[in-house]
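Enquirer: TSV, C-alpha atoms, file structure-v6.tsv:
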```tsv
chain	number	residue	atom	x	y	z
A	6	MET	CA	29.22	5.61	10.64
A	7	THR	CA	29.46	4.22	14.13
A	8	ALA	CA	27.46	1.06	13.51
A	9	ASP	CA	29.43	-2.14	13.19
A	10	VAL	CA	29.62	-3.91	9.86
A	11	GLY	CA	26.51	-6.04	9.43
A	12	GLU	CA	24.44	-3.80	11.72
A	13	GLN	CA	22.09	-1.20	10.34
A	14	ALA	CA	23.06	2.32	11.35
A	15	THR	CA	20.61	4.10	13.62
A	16	ASP	CA	19.08	7.43	12.63
A	17	ALA	CA	21.43	9.08	15.14
A	18	ASP	CA	24.38	7.43	13.37
A	19	LEU	CA	23.10	8.70	10.02
A	20	VAL	CA	22.73	12.25	11.33
A	21	ALA	CA	26.19	12.20	12.90
A	22	GLY	CA	27.62	10.81	9.66
A	23	TYR	CA	26.07	13.32	7.29
A	24	ARG	CA	26.96	16.19	9.58
A	25	ARG	CA	30.63	15.16	9.20
A	26	ASP	CA	30.34	14.34	5.51
A	27	PRO	CA	27.27	15.58	3.55
A	28	GLU	CA	27.76	12.81	0.97
A	29	LEU	CA	26.65	10.34	3.64
A	30	PHE	CA	23.13	11.79	3.37
A	31	THR	CA	22.65	9.22	0.62
A	32	ALA	CA	22.18	6.66	3.40
A	33	VAL	CA	19.10	8.61	4.56
A	34	HIS	CA	17.81	8.59	0.98
A	35	ASP	CA	18.50	4.87	0.60
A	36	ARG	CA	16.71	4.04	3.85
A	37	TYR	CA	13.58	6.16	3.45
A	38	PHE	CA	13.02	6.94	-0.23
A	39	ARG	CA	10.74	3.95	-0.83
A	40	ASP	CA	8.49	4.84	2.15
A	41	ILE	CA	8.19	8.45	1.03
A	42	TYR	CA	7.60	7.46	-2.59
A	43	LEU	CA	4.84	4.97	-1.70
A	44	TYR	CA	3.13	7.50	0.57
A	45	VAL	CA	3.12	10.19	-2.12
A	46	ALA	CA	2.11	7.72	-4.86
A	47	GLY	CA	-0.87	6.70	-2.74
A	48	ARG	CA	-1.90	10.33	-2.37
A	49	LEU	CA	-1.30	11.52	-5.91
A	50	ASP	CA	0.06	9.39	-8.74
A	51	THR	CA	3.29	7.62	-9.58
A	52	GLN	CA	4.62	10.28	-11.95
A	53	VAL	CA	4.16	13.07	-9.41
A	54	ALA	CA	5.35	10.79	-6.60
A	55	GLU	CA	8.78	10.41	-8.16
A	56	ASP	CA	9.16	14.19	-8.38
A	57	ILE	CA	7.79	14.93	-4.92
A	58	ALA	CA	9.85	12.17	-3.28
A	59	ALA	CA	12.97	13.54	-4.95
A	60	GLU	CA	12.05	17.09	-3.90
A	61	THR	CA	11.48	15.84	-0.33
A	62	PHE	CA	15.05	14.60	-0.13
A	63	LEU	CA	16.39	17.72	-1.81
A	64	LEU	CA	14.68	19.88	0.83
A	65	ALA	CA	15.84	17.58	3.61
A	66	PHE	CA	19.41	17.72	2.32
A	67	ASP	CA	19.28	21.52	2.12
A	68	ARG	CA	17.93	21.67	5.69
A	69	ARG	CA	19.91	18.74	7.12
A	70	ASP	CA	21.66	20.95	9.67
A	71	ARG	CA	18.26	22.02	11.06
A	72	PHE	CA	17.21	18.46	11.93
A	73	ASP	CA	16.67	18.20	15.69
A	74	PRO	CA	16.63	14.61	16.96
A	75	ASP	CA	15.01	15.83	20.21
A	76	LYS	CA	11.87	16.67	18.18
A	77	GLY	CA	11.56	13.21	16.61
A	78	GLY	CA	13.10	10.82	14.14
A	79	LEU	CA	14.27	11.22	10.56
A	80	ARG	CA	11.30	9.28	9.18
A	81	PRO	CA	8.56	11.62	10.49
A	82	TRP	CA	10.76	14.64	9.63
A	83	LEU	CA	10.88	13.45	6.01
A	84	PHE	CA	7.15	12.66	5.97
A	85	GLY	CA	6.56	16.23	7.16
A	86	PHE	CA	8.37	17.58	4.08
A	87	ALA	CA	6.49	15.17	1.82
A	88	THR	CA	3.12	16.12	3.32
A	89	ASN	CA	3.85	19.83	2.86
A	90	LEU	CA	4.81	19.21	-0.77
A	91	VAL	CA	1.64	17.19	-1.29
A	92	ALA	CA	-0.31	20.13	0.12
A	93	ARG	CA	0.93	22.20	-2.82
A	94	HIS	CA	-0.75	19.64	-5.04
A	95	ARG	CA	-3.89	19.39	-2.91
A	96	ARG	CA	-6.22	20.87	-5.50
A	97	LYS	CA	-4.95	18.37	-8.02
A	98	GLU	CA	-5.35	15.60	-5.43
A	99	ALA	CA	-8.99	16.55	-4.75
A	100	ARG	CA	-9.70	16.67	-8.51
A	101	HIS	CA	-8.05	13.22	-8.80
A	102	TYR	CA	-10.39	11.76	-6.15
A	103	ARG	CA	-13.46	13.38	-7.74
A	104	ALA	CA	-12.45	11.94	-11.12
A	105	LEU	CA	-12.01	8.47	-9.61
A	106	ALA	CA	-15.48	8.78	-8.10
A	107	ARG	CA	-16.94	9.41	-11.59
A	108	LEU	CA	-15.25	6.37	-13.17
A	109	ASP	CA	-17.28	3.33	-14.02
A	110	PRO	CA	-15.89	0.19	-12.43
A	111	ALA	CA	-13.56	-1.73	-14.74
A	112	PRO	CA	-14.72	-5.13	-15.98
A	113	VAL	CA	-13.98	-8.00	-13.64
A	114	VAL	CA	-10.97	-10.13	-14.56
A	115	GLU	CA	-11.73	-13.84	-14.83
A	116	GLY	CA	-10.27	-16.01	-12.06
A	117	PRO	CA	-11.13	-18.03	-9.00
A	118	GLU	CA	-14.43	-17.23	-7.33
A	119	ASN	CA	-12.98	-15.44	-4.29
A	120	GLN	CA	-10.83	-13.18	-6.48
A	121	VAL	CA	-13.89	-12.20	-8.49
A	122	VAL	CA	-15.89	-11.35	-5.37
A	123	THR	CA	-12.98	-9.31	-3.96
A	124	ALA	CA	-12.40	-7.50	-7.25
A	125	VAL	CA	-16.08	-6.62	-7.66
A	126	ALA	CA	-16.35	-5.31	-4.10
A	127	ALA	CA	-13.16	-3.25	-4.46
A	128	GLN	CA	-14.26	-1.81	-7.80
A	129	ARG	CA	-17.62	-0.78	-6.42
A	130	MET	CA	-16.07	0.81	-3.35
A	131	GLN	CA	-13.30	2.75	-5.14
A	132	PRO	CA	-15.45	5.62	-6.45
A	133	ARG	CA	-17.24	5.94	-3.09
A	134	LEU	CA	-13.97	5.91	-1.17
A	135	ALA	CA	-12.40	8.43	-3.54
A	136	LEU	CA	-15.38	10.76	-3.10
A	137	ALA	CA	-15.20	10.33	0.67
A	138	LEU	CA	-11.47	11.16	0.68
A	139	ALA	CA	-12.12	14.24	-1.45
A	140	SER	CA	-14.70	15.45	1.08
A	141	LEU	CA	-12.20	15.49	3.97
A	142	ASN	CA	-10.44	18.71	4.83
A	143	GLY	CA	-6.68	18.79	4.27
A	144	GLY	CA	-5.73	18.10	7.89
A	145	GLU	CA	-8.03	15.11	8.17
A	146	ARG	CA	-6.85	13.68	4.84
A	147	ASP	CA	-3.19	14.18	5.81
A	148	VAL	CA	-3.60	12.33	9.10
A	149	LEU	CA	-5.63	9.49	7.58
A	150	LEU	CA	-3.26	8.94	4.66
A	151	LEU	CA	-0.09	9.22	6.78
A	152	LEU	CA	-1.56	6.44	8.90
A	153	ALA	CA	-2.88	4.30	6.04
A	154	LEU	CA	-0.26	4.84	3.35
A	155	GLY	CA	2.77	5.95	5.35
A	156	GLN	CA	2.07	3.54	8.21
A	157	LEU	CA	3.23	6.14	10.71
A	158	SER	CA	2.29	5.95	14.38
A	159	TYR	CA	0.20	8.70	15.97
A	160	GLU	CA	3.39	10.11	17.48
A	161	GLU	CA	5.19	10.08	14.12
A	162	ILE	CA	2.20	11.72	12.41
A	163	GLY	CA	2.24	14.43	15.06
A	164	GLN	CA	5.95	14.96	14.49
A	165	ALA	CA	5.51	15.03	10.71
A	166	LEU	CA	2.71	17.62	10.85
A	167	GLY	CA	3.87	19.56	13.92
A	168	ILE	CA	0.72	18.76	15.91
A	169	SER	CA	0.04	16.92	19.17
A	170	THR	CA	-0.90	13.24	19.25
A	171	GLY	CA	-4.27	14.32	20.68
A	172	THR	CA	-4.89	16.42	17.59
A	173	VAL	CA	-3.85	13.45	15.44
A	174	GLY	CA	-6.42	11.30	17.23
A	175	SER	CA	-9.23	13.84	16.93
A	176	ARG	CA	-8.55	14.48	13.23
A	177	LEU	CA	-8.42	10.76	12.57
A	178	SER	CA	-11.67	10.23	14.48
A	179	ARG	CA	-13.42	12.97	12.46
A	180	ALA	CA	-12.03	11.58	9.19
A	181	ARG	CA	-13.20	8.06	10.00
A	182	ALA	CA	-16.65	9.30	11.02
A	183	LYS	CA	-17.04	11.28	7.79
A	184	ILE	CA	-15.89	8.36	5.65
A	185	HIS	CA	-18.17	5.90	7.44
A	186	ALA	CA	-21.14	8.26	7.09
A	187	LEU	CA	-20.53	8.81	3.39
A	188	MET	CA	-19.92	5.12	2.72
A	189	ASP	CA	-23.02	4.12	4.66
A	190	LYS	CA	-25.07	6.75	2.79
A	191	GLU	CA	-23.81	5.42	-0.56
A	192	LEU	CA	-24.49	1.80	0.41
A	193	THR	CA	-28.12	2.56	1.34
A	194	ARG	CA	-28.86	4.16	-2.05
```
Can I see the file as structure tokens?
Expert:
Amino acid sequence: MTADVGEQATDADLVAGYRRDPELFTAVHDRYFRDIYLYVAGRLDTQVAEDIAAETFLLAFDRRDRFDPDKGGLRPWLFGFATNLVARHRRKEARHYRALARLDPAPVVEGPENQVVTAVAAQRMQPRLALALASLNGGERDVLLLLALGQLSYEEIGQALGISTGTVGSRLSRARAKIHALMDKELTR
């Protein structure tokens, strides 16, 4: 790598390194696996997340020579693979959210007053939020969860999904409006 000892290699350094020596792709894995895993775990579940995160890096390794730094960074490129793999599990994801919506809230754990209030509010909102997420179309859900779980910027989301930042903004706006409407409707029941 070209980075000095003690400095973290840039994505460009990583790409240059693994192009010379494919074994250096492990640095890409080491840097981004946790982010990808947490994103997928937030969308599906931890057992599937491990598999999909691993498959993401397997695909990225197989296609490492196709990475074009002019089209964006490694992080959104990897999130693009992960999002496409999650799409294969979309039906399962929607069933997961519908099942969460049917669950009764778990009993509140004893503790300080503010923890109880927070826990009760979160438990009551979880089924409603899960139902609202299940009602979004795939594109809206992808954008919303890349922002919320992946903590990607609009530009990175656009790179990950191959869409413009304007499309990211409009999908996010529609997703937020749908979620607010469904949450407001549930709260007024």
Enquirer: Find the residues around range 54-67 of chain A up to 12 Å (all atoms listed in the file counted), leave out those fewer than 2 positions away in its own chain, and share them as a PyMOL selection string.
Expert: chain A and resi 20+23-24+26-52+69-72+79-94+98
Enquirer: Quick check, in Å to one decimal: how far apart do CA of Ala153 in chain A and CA of Arg107 in chain A lie?
Expert: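 Going from CA of Ala153 in chain A over to CA of Arg107 in chain A covers 23.1 Å.
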Enquirer: With distances taken over all atoms listed in the file, which residue among A:Gln164, A:Ser169, A:Ser140, A:Ser175 lies nearest Gly78 in chain A?
Expert: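 For Gly78 in chain A, the nearest of the candidates is A:Gln164.
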Enquirer: Between A:Thr170, A:Arg25, A:Leu177, A:Gln13, which one has atoms that come closest to Leu141 in chain A, using all atoms listed in the file?
Expert: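 Between A:Thr170, A:Arg25, A:Leu177, A:Gln13, the residue approaching Leu141 in chain A most closely is A:Leu177.
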Enquirer: Quick one: of A:Arg133, A:Leu19, A:Leu157, A:Leu151, who's nearest to Ile184 in chain A, counting all atoms listed in the file?
Expert: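 For Ile184 in chain A, the nearest of the given residues is A:Arg133.
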Enquirer: One number please: CA of Arg176 in chain A to CA of Glu145 in chain A, in Å, one decimal.
Expert: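 Straight-line distance from CA of Arg176 in chain A to CA of Glu145 in chain A works out to 5.1 Å.
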Enquirer: From the options A:Leu149, A:Leu154, A:Ala139, A:Ala165, which residue's atoms come nearest to Arg179 in chain A, counting only C-alpha atoms?
Expert: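 Counting only C-alpha atoms, the residue closest to Arg179 in chain A is A:Leu149.
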Enquirer: Record the distance separating CA of Tyr102 in chain A and CA of Ala135 in chain A, expressed in Å with one decimal.
Expert: 4.7 Å
Enquirer: Which residue gives the smallest distance to His101 in chain A among A:Ala14, A:Arg68, A:Asp73, A:Leu136, with only C-alpha atoms counted?
Expert: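 Comparing A:Ala14, A:Arg68, A:Asp73, A:Leu136 against His101 in chain A, the winner is A:Leu136.
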